[in-house]
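Structure, as structure tokens:
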Amino acid sequence: MKEQQHTYDIIVVGGGAAGFFTAINIAEQHPDKSIAILERGKTGLQKVKISGGGRCNVTHAEFIPSELVHNYPRGEKELLGPFHTFMTGDTIAWFEERGIELKIEEDGRMFPVSNSSQTIIDCFLFEAKKHGVEVLYNHSVKSIHVNENDFQLETTEGNLSCQKLIIATGSNPKIWNLLSDLGHTIVPPVPSLFTFDIKDERIKDIPGVVAKNVTVKVIGANLESDGPLLITHVGMSAPAILKLSAFGAVELAKLNYNFKISINFIQQDTDDCIDSLKAVKLDLAKKLVYNSPQFDLPKRLWKKLVLAANINEDSRWADLNKTQLEALAEQLTNAIFQVTGKSTFKEEFVTAGGVDLKEINFKTFESRRIPNLFFAGEVINVDAVTGGFNFQNAWTSAYIVSQSINS
């Protein structure tokens, strides 16, 4: 006997942030439509749960679209229009209208005042239920067939059909393969947002040390970033490194994560640094170089750089010769480190790659290849630096999809 097939007006594949936000907004605007979310796991919203260390970094306090787009290594040009339709202020208002207040932290990241991602999860589950969205867990999509008037989906729990299909599965290779079979071009995924593995005497035994503002360059590539740098047990992290990993995701993958970086710990050029050190040499003549950190550098890092410049622990400033001053300036302004690999940044694994942006209409987030097929979130080749930007892309694309489903 043939299994009965369930038909919906709209199916959203993917029960994550983008999937729920899409379904809820469609249901609000089109209460007459039957809508289902298909989630392959036992529960959805897993990335929401772990985001921001379990606090959920909902968005970032950047309110000018042309500034906001600079945080997207892939998608910068394409997202400018969409951000004029729905961006940070709209996100804040959306959550506030549902009783969730967001707060801005010093670095611009925004979190629910409750400091708990469960607040966001509960909101989505409540809104989905309230608006009659069916959430079907353990439904992994095995195949998608495009017919003249509908889509046929084969899942692990039976077959379904719908008139409009939204893919919001994030970085899911199985779904990318299905989309490729339907004629979409998939940009091969590579990791983005990762920390650098570095073994070097200058950072050994000083994990937790933060240099507040550095400039990092990848030698032999046109990649550079500024910001805080954190020394870890295995290498280096924090925004200066994470930004490089995001903007250089494709290039660094080609280098097999084996390359050299140059770090300017004090954001001065070498000649200016030498002049500054000469002045310090006169002012602190009798003091030990090793115990007199300069340029607001953390004491433990300063000591490592002093030793790397072949200056002994018992050398006084007055004792330094021209060669030693130059060597110290070089360590401060152009320290070369060998990167030997990468590590995932916390649990927030992000990839660059996905549906080719040229195949998407960014006024609607509809496929240019297949009518009535839409995309939301990271399934397309858009990714961002850390700080709530990936979620903002999810909210924006999801909202625009909900606006685009009119017929």
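Residue numbering restarts at 1 for every chain of the structure tokens, chains are lettered A, B, ... in their displayed order, and ligands are numbered from 1 as they appear.
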Applying 9 Å and only C-alpha atoms, which residues near A:Trp395 remain after dropping the ones on its own chain fewer than 3 positions away? List them as a PyMOL selection string.
chain A and resi 17-18+21-22+86-87+91+376-377+390-392+398-400
Can you tell me, as a ChimeraX atom specification, which residues in stretch 63-245 of chain A count as strand (DSSP E) by DSSP?
/A:102-104,109-112,134-136,141-146,151-155,158-167,186-192,194-197,210-218,223-231,235-237
Would you export the selected residues with C-alpha atoms as a compact mmCIF listing (two decimals), in the first residue's frame, please?
# COMPACT_ATOMS: atom_id res chain seq x y z
CA LEU A 102 18.76 42.92 24.27
CA LYS A 103 21.81 44.63 25.75
CA ILE A 104 24.97 45.96 24.14
CA ARG A 109 28.08 42.33 20.74
CA MET A 110 24.41 42.10 21.70
CA PHE A 111 22.88 39.50 24.02
CA PRO A 112 19.52 38.95 25.70
CA GLU A 134 4.63 22.31 12.52
CA VAL A 135 8.14 21.34 13.61
CA LEU A 136 9.01 17.84 12.39
CA VAL A 141 15.91 15.08 3.68
CA LYS A 142 17.16 12.36 1.34
CA SER A 143 16.08 13.78 -2.02
CA ILE A 144 14.37 16.82 -3.56
CA HIS A 145 12.43 16.62 -6.82
CA VAL A 146 11.28 19.75 -8.62
CA PHE A 151 8.53 20.13 -4.72
CA GLN A 152 8.59 16.47 -3.65
CA LEU A 153 10.79 15.72 -0.64
CA GLU A 154 11.80 12.25 0.40
CA THR A 155 12.73 12.18 4.10
CA GLY A 158 8.27 9.61 4.69
CA ASN A 159 7.49 11.80 1.70
CA LEU A 160 6.27 15.39 1.76
CA SER A 161 5.39 17.99 -0.82
CA CYS A 162 5.10 21.78 -0.91
CA GLN A 163 4.62 24.68 -3.30
CA LYS A 164 7.42 26.79 -1.88
CA LEU A 165 10.64 25.44 -0.40
CA ILE A 166 13.12 27.28 1.82
CA ILE A 167 16.54 25.82 2.51
CA ILE A 186 28.22 25.05 -4.74
CA VAL A 187 31.37 26.94 -3.77
CA PRO A 188 33.49 24.29 -1.99
CA PRO A 189 33.42 24.86 1.79
CA VAL A 190 36.55 25.76 3.72
CA PRO A 191 36.79 26.55 7.45
CA SER A 192 36.47 30.17 8.55
CA PHE A 194 39.72 29.54 13.43
CA THR A 195 42.72 30.14 15.67
CA PHE A 196 46.35 29.70 14.61
CA ASP A 197 48.52 26.85 15.91
CA VAL A 210 46.50 39.66 25.68
CA ALA A 211 48.21 42.28 23.53
CA LYS A 212 45.52 44.95 23.26
CA ASN A 213 46.08 46.27 19.77
CA VAL A 214 48.31 44.63 17.21
CA THR A 215 48.59 44.43 13.43
CA VAL A 216 48.96 40.96 11.94
CA LYS A 217 49.97 40.32 8.34
CA VAL A 218 50.21 37.05 6.44
CA LEU A 223 45.95 39.77 4.25
CA GLU A 224 46.15 42.05 7.26
CA SER A 225 44.06 42.77 10.35
CA ASP A 226 44.15 44.81 13.55
CA GLY A 227 42.76 44.21 17.01
CA PRO A 228 43.44 42.39 20.27
CA LEU A 229 45.59 39.25 20.19
CA LEU A 230 45.32 36.43 22.73
CA ILE A 231 48.12 33.95 23.34
CA GLY A 235 49.04 29.45 19.54
CA MET A 236 47.11 32.66 18.98
CA SER A 237 43.46 33.75 18.94
When you look at stretch 67-71 of chain A with a cut-off of 7 Å (counting only C-alpha atoms), what residues show up, excluding the ones that are within fewer than 4 positions of it in the same chain? I need them as a ChimeraX atom specification.
/A:62,76,79-80,384-385
Need the shell around stretch 332-344 of chain A: protein/DNA/RNA residues with any atom at most 8 Å away, counting only C-alpha atoms. Skip same-chain ones fewer than 4 positions apart. Format as a PyMOL selection string?
chain A and resi 193-200+256-270+273+305+328+348-349
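Nearest residue to A:Asp283, choosing from A:His60, A:Arg316, A:His139, A:Lys47 and counting only C-alpha atoms: A:Arg316.
Proximity to A:Lys129 at 12 Å, evaluated using only C-alpha atoms and with sequence-adjacent residues fewer than 4 positions away removed, yields Phe20, Ala23, Ile24, Ala27, Glu28, Ile35, Ala36, Ile37, Asp122, Cys123, Phe124, Leu125, Val133, Glu134 and Val135 of chain A.
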Dump N, CA and C atoms for the selected residues as an mmCIF file, in the first residue's frame?
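Result file out-v8.cif:
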data_model
loop_
_atom_site.group_PDB
_atom_site.id
_atom_site.type_symbol
_atom_site.label_atom_id
_atom_site.label_comp_id
_atom_site.auth_asym_id
_atom_site.auth_seq_id
_atom_site.Cartn_x
_atom_site.Cartn_y
_atom_site.Cartn_z
ATOM 1 N N PHE A 20 13.810 28.749 11.793
ATOM 2 C CA PHE A 20 12.723 29.171 12.692
ATOM 3 C C PHE A 20 12.295 30.606 12.398
ATOM 4 N N ALA A 23 10.198 30.663 9.202
ATOM 5 C CA ALA A 23 8.866 30.058 9.361
ATOM 6 C C ALA A 23 7.945 30.931 10.207
ATOM 7 N N ILE A 24 8.469 31.486 11.289
ATOM 8 C CA ILE A 24 7.649 32.323 12.186
ATOM 9 C C ILE A 24 7.175 33.576 11.445
ATOM 10 N N ALA A 27 4.558 32.695 8.864
ATOM 11 C CA ALA A 27 3.284 32.342 9.520
ATOM 12 C C ALA A 27 2.553 33.589 10.017
ATOM 13 N N GLU A 28 3.300 34.572 10.519
ATOM 14 C CA GLU A 28 2.686 35.817 10.988
ATOM 15 C C GLU A 28 2.038 36.584 9.835
ATOM 16 N N ILE A 35 2.577 25.486 7.163
ATOM 17 C CA ILE A 35 4.047 25.596 7.162
ATOM 18 C C ILE A 35 4.649 24.518 8.048
ATOM 19 N N ALA A 36 5.702 23.873 7.536
ATOM 20 C CA ALA A 36 6.421 22.881 8.340
ATOM 21 C C ALA A 36 7.915 23.185 8.318
ATOM 22 N N ILE A 37 8.563 22.965 9.466
ATOM 23 C CA ILE A 37 10.025 22.994 9.547
ATOM 24 C C ILE A 37 10.488 21.549 9.632
ATOM 25 N N ASP A 122 13.327 29.572 23.631
ATOM 26 C CA ASP A 122 11.938 29.537 24.125
ATOM 27 C C ASP A 122 11.049 30.456 23.306
ATOM 28 N N CYS A 123 11.571 31.615 22.937
ATOM 29 C CA CYS A 123 10.817 32.576 22.113
ATOM 30 C C CYS A 123 10.447 31.935 20.772
ATOM 31 N N PHE A 124 11.437 31.327 20.106
ATOM 32 C CA PHE A 124 11.182 30.722 18.795
ATOM 33 C C PHE A 124 10.174 29.571 18.890
ATOM 34 N N LEU A 125 10.337 28.725 19.905
ATOM 35 C CA LEU A 125 9.423 27.581 20.046
ATOM 36 C C LEU A 125 8.001 28.064 20.348
ATOM 37 N N VAL A 133 3.025 26.688 13.230
ATOM 38 C CA VAL A 133 4.093 26.078 12.432
ATOM 39 C C VAL A 133 4.353 24.669 12.965
ATOM 40 N N GLU A 134 4.321 23.683 12.100
ATOM 41 C CA GLU A 134 4.633 22.310 12.516
ATOM 42 C C GLU A 134 6.135 22.124 12.494
ATOM 43 N N VAL A 135 6.706 21.630 13.581
ATOM 44 C CA VAL A 135 8.143 21.341 13.607
ATOM 45 C C VAL A 135 8.304 19.827 13.616
#
Any idea what's packed within 12 Å of A:Tyr137, counting only C-alpha atoms, ignoring anything in its chain fewer than 6 positions away? Could you give it as a CSV table (one decimal) with N, CA and C atoms, in the first residue's frame?
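So part_34.csv came out as:
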chain,number,residue,atom,x,y,z
A,13,VAL,N,13.4,23.7,5.3
A,13,VAL,CA,14.4,22.6,5.7
A,13,VAL,C,15.5,23.2,6.5
A,14,GLY,N,15.5,22.7,7.8
A,14,GLY,CA,16.5,23.3,8.7
A,14,GLY,C,15.9,23.9,9.9
A,15,GLY,N,16.1,23.3,11.1
A,15,GLY,CA,15.5,23.9,12.3
A,15,GLY,C,16.4,24.6,13.1
A,16,GLY,N,17.2,25.5,12.5
A,16,GLY,CA,18.1,26.4,13.2
A,16,GLY,C,17.6,27.8,13.3
A,36,ALA,N,5.7,23.9,7.5
A,36,ALA,CA,6.4,22.9,8.3
A,36,ALA,C,7.9,23.2,8.3
A,37,ILE,N,8.6,23.0,9.5
A,37,ILE,CA,10.0,23.0,9.5
A,37,ILE,C,10.5,21.5,9.6
A,38,LEU,N,11.4,21.2,8.8
A,38,LEU,CA,12.0,19.8,8.9
A,38,LEU,C,13.4,19.9,9.5
A,39,GLU,N,13.6,19.3,10.6
A,39,GLU,CA,14.8,19.3,11.4
A,39,GLU,C,15.4,17.8,11.5
A,40,ARG,N,16.6,17.7,11.1
A,40,ARG,CA,17.1,16.3,11.0
A,40,ARG,C,17.5,15.7,12.4
A,41,GLY,N,17.7,16.6,13.4
A,41,GLY,CA,18.0,16.1,14.7
A,41,GLY,C,16.8,15.9,15.6
A,42,LYS,N,17.1,15.5,16.9
A,42,LYS,CA,16.0,15.3,17.8
A,42,LYS,C,15.5,16.6,18.3
A,43,THR,N,16.4,17.6,18.3
A,43,THR,CA,16.0,19.0,18.7
A,43,THR,C,16.6,19.9,17.7
A,44,GLY,N,16.1,21.1,17.7
A,44,GLY,CA,16.6,22.1,16.8
A,44,GLY,C,17.4,23.2,17.5
A,45,LEU,N,17.8,24.3,16.8
A,45,LEU,CA,18.4,25.5,17.4
A,45,LEU,C,19.6,25.2,18.2
A,155,THR,N,12.0,12.1,2.8
A,155,THR,CA,12.7,12.2,4.1
A,155,THR,C,12.8,10.8,4.8
A,156,THR,N,13.6,10.8,5.8
A,156,THR,CA,13.8,9.5,6.6
A,156,THR,C,12.5,9.1,7.3
A,157,GLU,N,11.5,10.0,7.3
A,157,GLU,CA,10.2,9.7,8.0
A,157,GLU,C,9.0,9.7,7.0
